[in-house]
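As provided, target-v7.tsv (TSV, C-alpha atoms) reads as follows.
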chain	number	residue	atom	x	y	z
W	227	MET	CA	0.00	0.00	0.00
W	228	ASN	CA	1.54	3.29	-1.10
W	229	ARG	CA	1.52	6.17	1.33
W	230	SER	CA	1.85	9.68	-0.07
W	231	ILE	CA	0.61	13.15	0.61
W	232	PRO	CA	-0.31	14.96	-2.65
W	233	ILE	CA	-4.03	15.69	-2.87
W	234	PRO	CA	-5.58	16.40	-6.27
W	235	SER	CA	-6.83	19.99	-6.37
W	236	ARG	CA	-10.18	21.07	-7.76
W	237	ARG	CA	-10.68	24.44	-9.35
W	238	THR	CA	-13.97	26.32	-9.64
W	239	THR	CA	-14.63	27.48	-13.20
W	240	LEU	CA	-16.16	30.96	-13.25
W	241	ALA	CA	-18.16	32.18	-16.26
W	242	ALA	CA	-16.21	34.92	-18.01
W	243	VAL	CA	-18.02	38.25	-18.32
W	244	LEU	CA	-17.24	40.30	-21.46
W	245	PHE	CA	-17.93	44.04	-21.50
W	246	VAL	CA	-17.99	45.54	-25.00
W	247	LEU	CA	-17.24	49.25	-25.03
W	248	VAL	CA	-18.69	50.90	-28.10
W	249	THR	CA	-16.93	54.05	-29.20
W	250	GLY	CA	-17.39	56.30	-32.16
W	251	ALA	CA	-14.88	58.00	-34.34
W	252	CYS	CA	-14.96	61.07	-32.15
W	253	GLY	CA	-14.06	59.31	-28.82
W	254	SER	CA	-15.56	57.43	-25.89
W	255	LEU	CA	-19.15	57.49	-24.76
W	256	PRO	CA	-19.77	59.91	-21.90
W	257	GLY	CA	-18.97	58.50	-18.45
W	258	ILE	CA	-17.16	55.42	-19.76
W	259	ALA	CA	-13.42	55.32	-19.55
W	260	PRO	CA	-11.49	53.96	-22.53
W	261	ALA	CA	-10.56	50.29	-22.42
W	262	THR	CA	-7.15	49.53	-20.96
W	263	ASP	CA	-4.89	46.47	-20.78
W	264	THR	CA	-5.54	45.86	-17.06
W	265	PRO	CA	-4.79	42.15	-16.31
W	266	VAL	CA	-7.76	39.89	-15.52
W	267	PRO	CA	-7.61	38.68	-11.85
W	268	PRO	CA	-6.69	34.99	-11.51
W	269	THR	CA	-9.53	32.46	-11.13
W	270	PRO	CA	-9.88	31.59	-7.42
W	271	SER	CA	-9.28	27.98	-6.42
W	272	ALA	CA	-11.78	25.99	-4.42
W	273	THR	CA	-10.43	24.55	-1.17
W	274	PRO	CA	-9.63	20.87	-1.79
W	275	GLU	CA	-11.74	18.46	0.27
W	276	PRO	CA	-9.39	16.64	2.69
W	277	LEU	CA	-8.88	12.98	1.89
W	278	ALA	CA	-8.28	9.96	4.08
W	279	ALA	CA	-7.26	7.71	1.19
W	280	GLU	CA	-7.51	7.16	-2.52
W	281	VAL	CA	-8.06	3.70	-4.04
W	282	ASN	CA	-7.31	3.32	-7.74
W	283	GLY	CA	-8.32	6.95	-8.14
W	284	GLU	CA	-11.50	6.64	-6.05
W	285	ARG	CA	-11.53	9.06	-3.16
W	286	ILE	CA	-12.32	8.33	0.48
W	287	THR	CA	-12.80	11.72	2.07
W	288	LEU	CA	-11.67	12.53	5.59
W	289	ASP	CA	-15.30	13.29	6.46
W	290	GLU	CA	-16.40	9.82	5.26
W	291	PHE	CA	-13.64	8.20	7.31
W	292	GLU	CA	-14.49	10.13	10.47
W	293	ARG	CA	-18.18	9.28	10.18
W	294	GLU	CA	-17.32	5.61	9.65
W	295	LEU	CA	-15.19	5.77	12.80
W	296	ALA	CA	-18.16	7.27	14.65
W	297	ARG	CA	-20.40	4.44	13.42
W	298	PHE	CA	-17.77	1.94	14.56
W	299	ALA	CA	-17.66	3.52	18.03
W	300	ALA	CA	-21.47	3.60	18.23
W	301	GLY	CA	-21.69	-0.07	17.26
W	302	ARG	CA	-19.17	-1.00	19.91
W	303	ALA	CA	-21.00	1.10	22.51
W	304	SER	CA	-24.19	-0.81	21.72
W	305	LEU	CA	-22.32	-3.95	22.84
W	306	GLY	CA	-21.37	-2.30	26.13
W	307	ILE	CA	-17.83	-1.33	25.05
W	308	ASP	CA	-17.68	2.41	25.66
W	309	LEU	CA	-14.21	3.26	24.41
W	310	ALA	CA	-13.03	5.86	21.92
W	311	PRO	CA	-11.47	4.36	18.75
W	312	SER	CA	-7.78	3.61	19.28
W	313	PRO	CA	-5.04	4.10	16.65
W	314	ASP	CA	-5.38	0.40	15.80
W	315	ASP	CA	-9.15	0.85	15.41
W	316	ARG	CA	-8.54	3.76	13.02
W	317	LYS	CA	-6.24	1.56	10.96
W	318	ALA	CA	-8.75	-1.29	10.91
W	319	VAL	CA	-11.68	0.95	9.92
W	320	LEU	CA	-9.78	2.62	7.08
W	321	GLY	CA	-8.47	-0.77	5.97
W	322	ALA	CA	-12.03	-2.09	5.80
W	323	MET	CA	-13.15	0.93	3.77
W	324	ILE	CA	-10.27	0.39	1.35
W	325	GLU	CA	-11.14	-3.30	1.02
W	326	VAL	CA	-14.77	-2.46	0.21
W	327	ARG	CA	-13.68	-0.06	-2.54
W	328	VAL	CA	-11.34	-2.69	-4.01
W	329	VAL	CA	-14.02	-5.41	-3.97
W	330	VAL	CA	-16.68	-3.14	-5.49
W	331	GLN	CA	-14.28	-2.00	-8.21
W	332	ALA	CA	-13.50	-5.64	-8.99
W	333	ALA	CA	-17.21	-6.49	-9.09
W	334	LEU	CA	-17.91	-3.69	-11.55
W	335	SER	CA	-14.93	-4.65	-13.70
W	336	GLU	CA	-16.37	-8.18	-13.94
W	337	GLY	CA	-19.70	-6.82	-15.12
W	338	LEU	CA	-21.68	-7.42	-11.95
W	339	THR	CA	-24.60	-5.07	-11.37
W	340	VAL	CA	-27.41	-4.57	-8.90
W	341	GLU	CA	-30.80	-3.46	-10.18
W	342	GLU	CA	-31.97	-0.12	-8.87
W	343	ALA	CA	-35.28	-1.72	-7.86
W	344	VAL	CA	-33.40	-4.18	-5.63
W	345	ILE	CA	-31.47	-1.37	-3.97
W	346	ALA	CA	-34.68	0.62	-3.46
W	347	GLN	CA	-36.28	-2.46	-1.92
W	348	GLY	CA	-33.36	-2.71	0.51
W	349	VAL	CA	-33.80	0.92	1.50
W	350	ASP	CA	-37.54	0.36	1.99
W	351	GLN	CA	-36.83	-2.64	4.20
W	352	ALA	CA	-34.44	-0.57	6.34
W	353	ARG	CA	-37.08	2.15	6.58
W	354	ALA	CA	-39.79	-0.33	7.59
W	355	ALA	CA	-37.50	-1.94	10.18
W	356	ARG	CA	-37.29	1.44	11.92
W	357	GLY	CA	-41.00	2.12	11.93
W	358	GLY	CA	-41.26	4.30	8.84
W	359	ASP	CA	-39.89	7.67	7.77
W	360	PRO	CA	-39.55	9.38	11.20
W	361	GLY	CA	-37.62	6.52	12.76
W	362	PHE	CA	-35.56	5.97	9.62
W	363	SER	CA	-34.65	9.66	9.40
W	364	GLU	CA	-33.65	9.67	13.06
W	365	TRP	CA	-31.47	6.59	12.55
W	366	LEU	CA	-29.82	8.11	9.48
W	367	ALA	CA	-28.99	11.27	11.41
W	368	GLN	CA	-27.58	9.30	14.35
W	369	SER	CA	-25.52	7.14	11.99
W	370	GLY	CA	-24.13	10.05	10.01
W	371	TYR	CA	-25.81	9.09	6.70
W	372	THR	CA	-27.89	10.97	4.21
W	373	VAL	CA	-30.43	8.88	2.30
W	374	GLU	CA	-28.16	9.06	-0.75
W	375	GLU	CA	-25.11	7.92	1.21
W	376	PHE	CA	-27.00	5.05	2.80
W	377	THR	CA	-28.29	3.98	-0.60
W	378	LEU	CA	-24.73	4.01	-1.99
W	379	ALA	CA	-23.46	2.04	1.00
W	380	LEU	CA	-26.22	-0.53	0.45
W	381	LYS	CA	-25.32	-0.79	-3.25
W	382	ARG	CA	-21.67	-1.37	-2.37
W	383	GLN	CA	-22.67	-4.05	0.11
W	384	MET	CA	-24.79	-5.84	-2.49
W	385	LEU	CA	-22.05	-5.70	-5.13
W	386	SER	CA	-19.49	-6.98	-2.63
W	387	ARG	CA	-21.76	-9.83	-1.61
W	388	ALA	CA	-22.38	-10.82	-5.24
W	389	LEU	CA	-18.65	-11.07	-5.95
W	390	THR	CA	-17.64	-12.71	-2.67
W	391	ASP	CA	-20.40	-15.31	-3.10
W	392	ARG	CA	-18.92	-16.13	-6.50
W	393	ILE	CA	-15.47	-16.60	-4.94
W	394	VAL	CA	-16.55	-18.82	-2.05
W	395	ASP	CA	-18.85	-20.87	-4.30
W	396	GLY	CA	-15.75	-21.69	-6.35
W	397	VAL	CA	-14.07	-23.50	-3.44
W	398	PRO	CA	-14.20	-27.27	-4.06
W	399	PRO	CA	-16.32	-29.11	-1.47
W	400	ARG	CA	-14.03	-32.15	-1.67
W	401	GLY	CA	-10.29	-32.66	-1.40
W	402	GLU	CA	-7.33	-34.54	0.00
W	403	GLN	CA	-7.69	-35.31	3.71
W	404	VAL	CA	-6.00	-37.29	6.43
W	405	HIS	CA	-7.26	-38.91	9.63
W	406	ALA	CA	-4.60	-38.65	12.34
W	407	ALA	CA	-3.94	-38.71	16.08
W	408	HIS	CA	-1.26	-37.05	18.19
W	409	ILE	CA	0.32	-36.89	21.62
W	410	ARG	CA	1.57	-33.56	22.98
W	411	VAL	CA	4.04	-33.24	25.86
W	412	SER	CA	6.07	-30.34	27.21
W	413	SER	CA	9.65	-31.61	26.89
W	414	GLN	CA	11.85	-33.26	24.30
W	415	ALA	CA	13.00	-35.82	26.86
W	416	LEU	CA	9.48	-36.97	27.69
W	417	ALA	CA	8.54	-37.02	24.00
W	418	ASP	CA	11.55	-39.24	23.25
W	419	GLU	CA	10.55	-41.58	26.08
W	420	VAL	CA	6.93	-41.86	24.89
W	421	ARG	CA	8.04	-42.32	21.27
W	422	LEU	CA	10.35	-45.17	22.31
W	423	HIS	CA	7.52	-46.70	24.35
W	424	ILE	CA	5.25	-46.71	21.25
W	425	ALA	CA	8.04	-48.07	19.02
W	426	SER	CA	8.40	-50.95	21.49
W	427	GLY	CA	4.79	-51.95	20.89
W	428	ALA	CA	2.69	-49.78	23.23
W	429	ASP	CA	-0.78	-48.82	21.99
W	430	PHE	CA	-0.74	-45.26	20.62
W	431	ALA	CA	-4.24	-44.36	21.84
W	432	GLN	CA	-3.50	-45.63	25.36
W	433	ALA	CA	-0.22	-43.70	25.40
W	434	ALA	CA	-2.13	-40.56	24.41
W	435	ARG	CA	-4.61	-41.06	27.25
W	436	THR	CA	-1.72	-41.54	29.69
W	437	TYR	CA	0.77	-38.88	28.59
W	438	SER	CA	-0.81	-36.29	26.30
W	439	GLN	CA	-1.26	-32.78	27.67
W	440	ASP	CA	-3.76	-31.85	24.95
W	441	LEU	CA	-6.98	-31.95	26.98
W	442	SER	CA	-9.18	-31.61	23.89
W	443	THR	CA	-7.98	-34.89	22.34
W	444	ARG	CA	-6.50	-36.91	25.24
W	445	ALA	CA	-9.69	-38.72	26.22
W	446	GLY	CA	-10.18	-39.83	22.63
W	447	GLY	CA	-6.72	-41.32	22.38
W	448	GLY	CA	-5.32	-38.23	20.65
W	449	ASP	CA	-7.75	-38.52	17.72
W	450	LEU	CA	-7.77	-35.37	15.56
W	451	GLY	CA	-10.41	-36.64	13.14
W	452	TRP	CA	-10.31	-36.02	9.39
W	453	PHE	CA	-8.86	-32.72	8.15
W	454	PRO	CA	-7.64	-31.10	4.91
W	455	ARG	CA	-4.47	-29.10	4.42
W	456	GLY	CA	-4.58	-25.71	6.11
W	457	TRP	CA	-7.08	-26.79	8.77
W	458	LEU	CA	-5.02	-27.47	11.91
W	459	ALA	CA	-3.81	-24.62	14.12
W	460	VAL	CA	-0.40	-26.32	14.47
W	461	PRO	CA	1.05	-26.65	10.96
W	462	GLU	CA	3.84	-28.96	12.09
W	463	ILE	CA	1.32	-31.63	13.10
W	464	GLU	CA	-0.49	-31.27	9.81
W	465	ALA	CA	2.70	-31.53	7.76
W	466	ALA	CA	3.75	-34.68	9.63
W	467	ALA	CA	0.33	-36.29	9.22
W	468	PHE	CA	0.25	-35.75	5.46
W	469	ALA	CA	3.84	-36.98	5.09
W	470	LEU	CA	3.13	-40.33	6.76
W	471	ALA	CA	1.53	-43.42	5.29
W	472	PRO	CA	-1.47	-44.91	7.14
W	473	GLY	CA	-0.27	-46.72	10.26
W	474	GLU	CA	3.07	-44.86	10.47
W	475	VAL	CA	4.20	-42.89	13.53
W	476	SER	CA	6.29	-39.74	13.17
W	477	PRO	CA	9.54	-38.87	14.91
W	478	VAL	CA	9.16	-36.26	17.66
W	479	VAL	CA	7.83	-33.03	16.11
W	480	ALA	CA	8.78	-29.75	17.79
W	481	ALA	CA	6.21	-26.94	17.62
W	482	ALA	CA	5.45	-23.68	19.41
W	483	ASP	CA	3.06	-25.39	21.84
W	484	GLY	CA	5.28	-28.34	22.75
W	485	PHE	CA	6.54	-31.65	21.36
W	486	HIS	CA	4.27	-33.96	19.38
W	487	ILE	CA	4.15	-37.55	18.23
W	488	VAL	CA	1.82	-38.01	15.26
W	489	ARG	CA	0.20	-41.14	13.88
W	490	THR	CA	-1.61	-41.21	10.55
W	491	LEU	CA	-4.63	-43.51	10.62
W	492	GLU	CA	-6.19	-43.08	7.16
W	493	LYS	CA	-5.75	-40.95	4.01
W	494	GLU	CA	-8.08	-40.14	1.12
W	495	SER	CA	-7.34	-38.07	-1.97
W	496	ASP	CA	-10.96	-37.02	-2.62
W	497	ARG	CA	-13.12	-36.88	0.49
W	498	PRO	CA	-16.06	-34.50	1.17
W	499	LEU	CA	-15.09	-31.67	3.50
W	500	ALA	CA	-16.94	-31.44	6.80
W	501	ALA	CA	-19.02	-28.27	7.11
W	502	PRO	CA	-16.58	-26.45	9.45
W	503	ALA	CA	-13.61	-27.32	7.22
W	504	LEU	CA	-15.46	-26.17	4.08
W	505	GLU	CA	-16.41	-22.90	5.76
W	506	ALA	CA	-12.79	-22.36	6.84
W	507	ALA	CA	-11.57	-23.09	3.30
W	508	ARG	CA	-14.04	-20.56	1.91
W	509	ARG	CA	-12.96	-17.88	4.40
W	510	LYS	CA	-9.32	-18.52	3.58
W	511	ALA	CA	-9.95	-18.31	-0.17
W	512	LEU	CA	-11.80	-15.03	0.28
W	513	HIS	CA	-9.10	-13.52	2.49
W	514	VAL	CA	-6.37	-14.54	0.06
W	515	TRP	CA	-8.30	-13.04	-2.86
W	516	ILE	CA	-8.94	-9.74	-1.05
W	517	ASP	CA	-5.32	-9.50	0.15
W	518	GLU	CA	-4.09	-10.01	-3.42
W	519	LYS	CA	-6.48	-7.39	-4.80
W	520	VAL	CA	-5.52	-4.83	-2.14
W	521	ALA	CA	-1.81	-5.52	-2.67
W	522	GLY	CA	-2.24	-4.90	-6.40
W	523	ALA	CA	-4.29	-1.72	-5.99
W	524	GLN	CA	-2.94	1.82	-6.21
W	525	VAL	CA	-3.69	3.01	-2.68
W	526	GLN	CA	-2.64	6.30	-1.17
W	527	VAL	CA	-3.26	6.98	2.53
W	528	PHE	CA	-3.34	10.58	3.73
W	529	VAL	CA	-4.01	10.16	7.47
W	530	ALA	CA	-1.57	9.13	10.16
W	531	LEU	CA	-1.94	5.47	11.11
W	532	PRO	CA	0.11	3.20	13.41
Can you turn what I pasted into structure tokens?
Amino acid sequence: MNRSIPIPSRRTTLAAVLFVLVTGACGSLPGIAPATDTPVPPTPSATPEPLAAEVNGERITLDEFERELARFAAGRASLGIDLAPSPDDRKAVLGAMIEVRVVVQAALSEGLTVEEAVIAQGVDQARAARGGDPGFSEWLAQSGYTVEEFTLALKRQMLSRALTDRIVDGVPPRGEQVHAAHIRVSSQALADEVRLHIASGADFAQAARTYSQDLSTRAGGGDLGWFPRGWLAVPEIEAAAFALAPGEVSPVVAAADGFHIVRTLEKESDRPLAAPALEAARRKALHVWIDEKVAGAQVQVFVALP
């Protein structure tokens, strides 16, 4: 993301006024001085509207940003968190606004549209949800929206949803998966001892119930269930599980949370993803897509951020 300061200036065009002085052969008309070569005063410049950011040439004004921050603070207050936005909150809010612009621009470039009747229906639903025009007008004022701004925000939301639905729907619902179990302990020495115990013929599941410090899997003999790549929170366990053949036990695997022994139970190259794993894969695909689009955008930020 580029950070720079220049702000495009806007100039007000004034209509030129031409005075024609008619004179005869014998001189000027009474009371009218002869024309001179006095320079025309320069055209005044309009004061540029301060910007918070610019995304591929699309402006996010400072006023828009500050009102979005106010909406963020109001939303948090409604949850009982009565704190002013921090520098990190400012960064997150502006980042979200930039992401929305990038996604909407991508949606438009791919030919996606939202019918005006659908947008109007969304506005009517928001109005009805607040008891009609008086309540809707009060909510708009409290939220820092005009009707036009709310309508535009709703349109952006609909365009974003249309494109993001297309992305997540493209994630395959099936894929390579492994069924594995593990034992986690806190020291290399204990891990070596347990690994030797298993190599000597001890039952892996019983060893997990005896030694593992992972309370979420210990009672089940260390069973992690089926999972695809990118699913586990500890990538070292995942890498070991996919590297093993069914029935094999890994060497001791060091990770940030301790020392692991992994056993692969089953593997399939094309297995349906469980609902949580599919949802996680969709979220990851969407985040990767957005990150790539933002990284490739021409973004200028004009406000101080941490």
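Straight-line separation from CA of Met384 (chain W) to CA of Val319 (chain W): 19.3 Å.
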Give me, as CSV, each residue of region 449-484 of chain W that comes within 6 Å of region 393-404 of chain W, together with its shortest interatomic pair and the distance in Å at one decimal, counting only C-alpha atoms, with rows ordered by chain and rising residue number.
residue,atom,partner,partner_atom,distance
W:Trp452,CA,W:Val404,CA,5.4
W:Phe453,CA,W:Gln403,CA,5.3
W:Pro454,CA,W:Gln403,CA,4.4
For Ala310 (chain W), list every protein, DNA or RNA residue within 12 Å, evaluated using all atoms listed in the file, and leave out those in the same chain fewer than 5 positions away; present the list as a CSV table (one decimal) with C-alpha atoms, keeping the file's coordinate frame.
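And here's out.csv as it stands now:
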chain,number,residue,atom,x,y,z
W,295,LEU,CA,-15.2,5.8,12.8
W,296,ALA,CA,-18.2,7.3,14.6
W,297,ARG,CA,-20.4,4.4,13.4
W,298,PHE,CA,-17.8,1.9,14.6
W,299,ALA,CA,-17.7,3.5,18.0
W,300,ALA,CA,-21.5,3.6,18.2
W,301,GLY,CA,-21.7,-0.1,17.3
W,302,ARG,CA,-19.2,-1.0,19.9
W,303,ALA,CA,-21.0,1.1,22.5
W,315,ASP,CA,-9.2,0.8,15.4
W,316,ARG,CA,-8.5,3.8,13.0
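If only C-alpha atoms are the atoms counted, then among W:Leu389, W:Leu441, W:Ala352, W:Leu288 the closest residue to Leu334 (chain W) is W:Leu389.
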With distances taken over only C-alpha atoms, which of W:Glu275, W:Glu364, W:Glu284, W:Glu294 is nearest to Ala379 (chain W)? W:Glu294
Between W:Leu416, W:Val344, W:Ala388, W:Ala278, which one has atoms that come closest to Val525 (chain W), using only C-alpha atoms? W:Ala278
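Across the structure, CA of Val478 (chain W) and CA of Ala500 (chain W) are spaced 28.7 Å apart.
From CA of Asp391 (chain W) back to CA of Leu320 (chain W), the distance works out to 23.2 Å.
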Select, from W:Ala354, W:Val349, W:Val328, W:Ile286, the residue with the minimum atom-to-atom distance to Ser386 (chain W), counting all atoms listed in the file. W:Val328
For region 428-440 of chain W, find every residue with an atom within 7 Å (counting all atoms listed in the file), except residues of its own chain fewer than 6 positions away, and show them as JSON, numbers by chain. {"W": [409, 410, 411, 447, 448]}
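Nearest residue to Arg509 (chain W), choosing from W:Gly456, W:Pro477, W:Pro276, W:Gly484 and counting all atoms listed in the file: W:Gly456.
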Neighbourhood query: residues within 10 Å of (-11.6, -31.4, 14.9), file coordinates, counting all atoms listed in the file; return as a compact mmCIF listing (two decimals) with C-alpha atoms, in the coordinates of the input.
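See result00.txt below for the written result:
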# COMPACT_ATOMS: atom_id res chain seq x y z
CA SER W 442 -9.18 -31.61 23.89
CA THR W 443 -7.98 -34.89 22.34
CA ASP W 449 -7.75 -38.52 17.72
CA LEU W 450 -7.77 -35.37 15.56
CA GLY W 451 -10.41 -36.64 13.14
CA TRP W 452 -10.31 -36.02 9.39
CA PHE W 453 -8.86 -32.72 8.15
CA TRP W 457 -7.08 -26.79 8.77
CA LEU W 458 -5.02 -27.47 11.91
CA ALA W 500 -16.94 -31.44 6.80
CA PRO W 502 -16.58 -26.45 9.45
CA ALA W 503 -13.61 -27.32 7.22
Pick from W:Phe362, W:Trp515, W:Phe468, W:Phe291: nearest to Gly321 (chain W), with only C-alpha atoms counted? W:Phe291
Spatial sel., origin (-8.1, 6.8, -7.1), limit 12 Å, all atoms listed in the file, listed as a list in words: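 Residues with an atom close enough to that point: Asn228, Ile233, Pro234, Leu277, Ala278, Ala279, Glu280, Val281, Asn282, Gly283, Glu284, Arg285, Ile286, Thr287, Ile324, Arg327, Val328, Gln331, Ala523, Gln524, Val525, Gln526 and Val527 of chain W.
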Produce a file of the selected residues containing C-alpha atoms, as a short mmCIF file (atom, residue, chain, number, x, y, z; two decimals), in the coordinates of the input.
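What follows is the written file out.cif:
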data_model
loop_
_atom_site.label_atom_id
_atom_site.label_comp_id
_atom_site.auth_asym_id
_atom_site.auth_seq_id
_atom_site.Cartn_x
_atom_site.Cartn_y
_atom_site.Cartn_z
CA ASN W 228 1.54 3.29 -1.10
CA ILE W 233 -4.03 15.69 -2.87
CA PRO W 234 -5.58 16.40 -6.27
CA LEU W 277 -8.88 12.98 1.89
CA ALA W 278 -8.28 9.96 4.08
CA ALA W 279 -7.26 7.71 1.19
CA GLU W 280 -7.51 7.16 -2.52
CA VAL W 281 -8.06 3.70 -4.04
CA ASN W 282 -7.31 3.32 -7.74
CA GLY W 283 -8.32 6.95 -8.14
CA GLU W 284 -11.50 6.64 -6.05
CA ARG W 285 -11.53 9.06 -3.16
CA ILE W 286 -12.32 8.33 0.48
CA THR W 287 -12.80 11.72 2.07
CA ILE W 324 -10.27 0.39 1.35
CA ARG W 327 -13.68 -0.06 -2.54
CA VAL W 328 -11.34 -2.69 -4.01
CA GLN W 331 -14.28 -2.00 -8.21
CA ALA W 523 -4.29 -1.72 -5.99
CA GLN W 524 -2.94 1.82 -6.21
CA VAL W 525 -3.69 3.01 -2.68
CA GLN W 526 -2.64 6.30 -1.17
CA VAL W 527 -3.26 6.98 2.53
#
